[in-house]
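Student: Can you keep this structure in mind? I'll have questions shortly.
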Amino acid sequence: MLHVKPDQTPLCETTLIERVKLGDQAAYTTIYELHIKRVYGLCLRLLADQAHAEDAAQEVFVQVWHKIAQFDGRSQFSTWLYSVASNVAISYLRKQKNWLQKVVSIEHSGMDEQSANDCQGLDGLDKLIVRLPERARMVFVLFAIEGYRHEEIAEKLGMAVGSSKSQYHRARQLLQEWYENE
């Protein structure tokens with residue numbers, strides 16, 4: 001029971017999704033409000049940039065509006081939504097990286113400590129995660145936080161399974177080192 005409208009019975013998420021599929025914008029707004037914080041958090045962890053994360057999170061919900069009919073209910077809606085979110089964030093990162101390489105011709109390898117400290121609203125582990133080098137950060141977030149298997153991560157990121165495992169190991173080592181030095 002997620003949302004109560006005045007003079008109506010509470011709506012479950014399944015009902016909201018069905019209403020969104022029929023074009024109900026109020027139901028869509030409710031779905032948005034229920035999930036925007038976690039979608040934004042995932043985008044921020046993957047992209048390590050607040051402005052890019054905000055843009056990507058908005059793009060996620062644009063895609064959800066257009067692709068909601070593809071959600072068949074065989075998994076939880078949140079599983080489908082966070083898969084869309086990770087795909088959008090990864091795609092956004094690739095586009096930004098290509099653009100950045102053309103303009104500046106450098107490869108972004110993670111945020112420095114000062115930039116990570118400037119990210120408002122982040123604390124603890126999240127502040128350390130955004131400092132990780134890009135590929136290690138992406139693998140760590142997808143594996144440790146979102147629960148993807150290394151085979152799935154390798155496919156999403158276009159890398160070998162062994163590379164995914166190696167990047168995860170690298171991320172864990174860096175996070176442990178940084179945590180011990182705080």
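Going by the structure tokens order, chains are called A, B, ..., each with residues numbered from 1, while ligands are numbered from 1 in the order shown.
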Give me, as a list of chain:residue names, all polymer residues having an atom no more than 10 Å from Tyr82 in chain A, counting only C-alpha atoms and skipping those fewer than 4 positions away in the same chain.
Tutor: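 Everything that qualifies: A:His35, A:Arg38, A:Val39, A:Leu42, A:Cys43, A:Val60, A:Phe77, A:Ser78, A:Ser86, A:Asn87, A:Val88, A:Glu146.
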Student: For Leu46 in chain A, which residue out of A:Leu157, A:Ala136, A:Ala171, A:Ala89 is the nearest one, using only C-alpha atoms?
Tutor: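 The shortest atom-to-atom distance to Leu46 in chain A comes from A:Ala89.
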Student: Any idea what the distance is between CA of Glu182 in chain A and CA of Arg131 in chain A?
Tutor: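 Atom-to-atom, CA of Glu182 in chain A and CA of Arg131 in chain A are spaced 13.5 Å apart.
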Student: Which value, in Å to one decimal, gives the distance between CA of Leu142 in chain A and CA of Arg74 in chain A?
Tutor: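 Separation of CA of Leu142 in chain A and CA of Arg74 in chain A: 21.0 Å.
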Student: Applying 12 Å and only C-alpha atoms, which residues near Ala144 in chain A remain after dropping the ones on its own chain fewer than 6 positions away? List them as a list in words.
Tutor: Leu42, Arg45, Leu125, Ile129, Ala136, Arg137, Met138, His150, Ile153, Ser164, Lys165, Gln167, Tyr168, His169, Ala171 and Arg172 of chain A
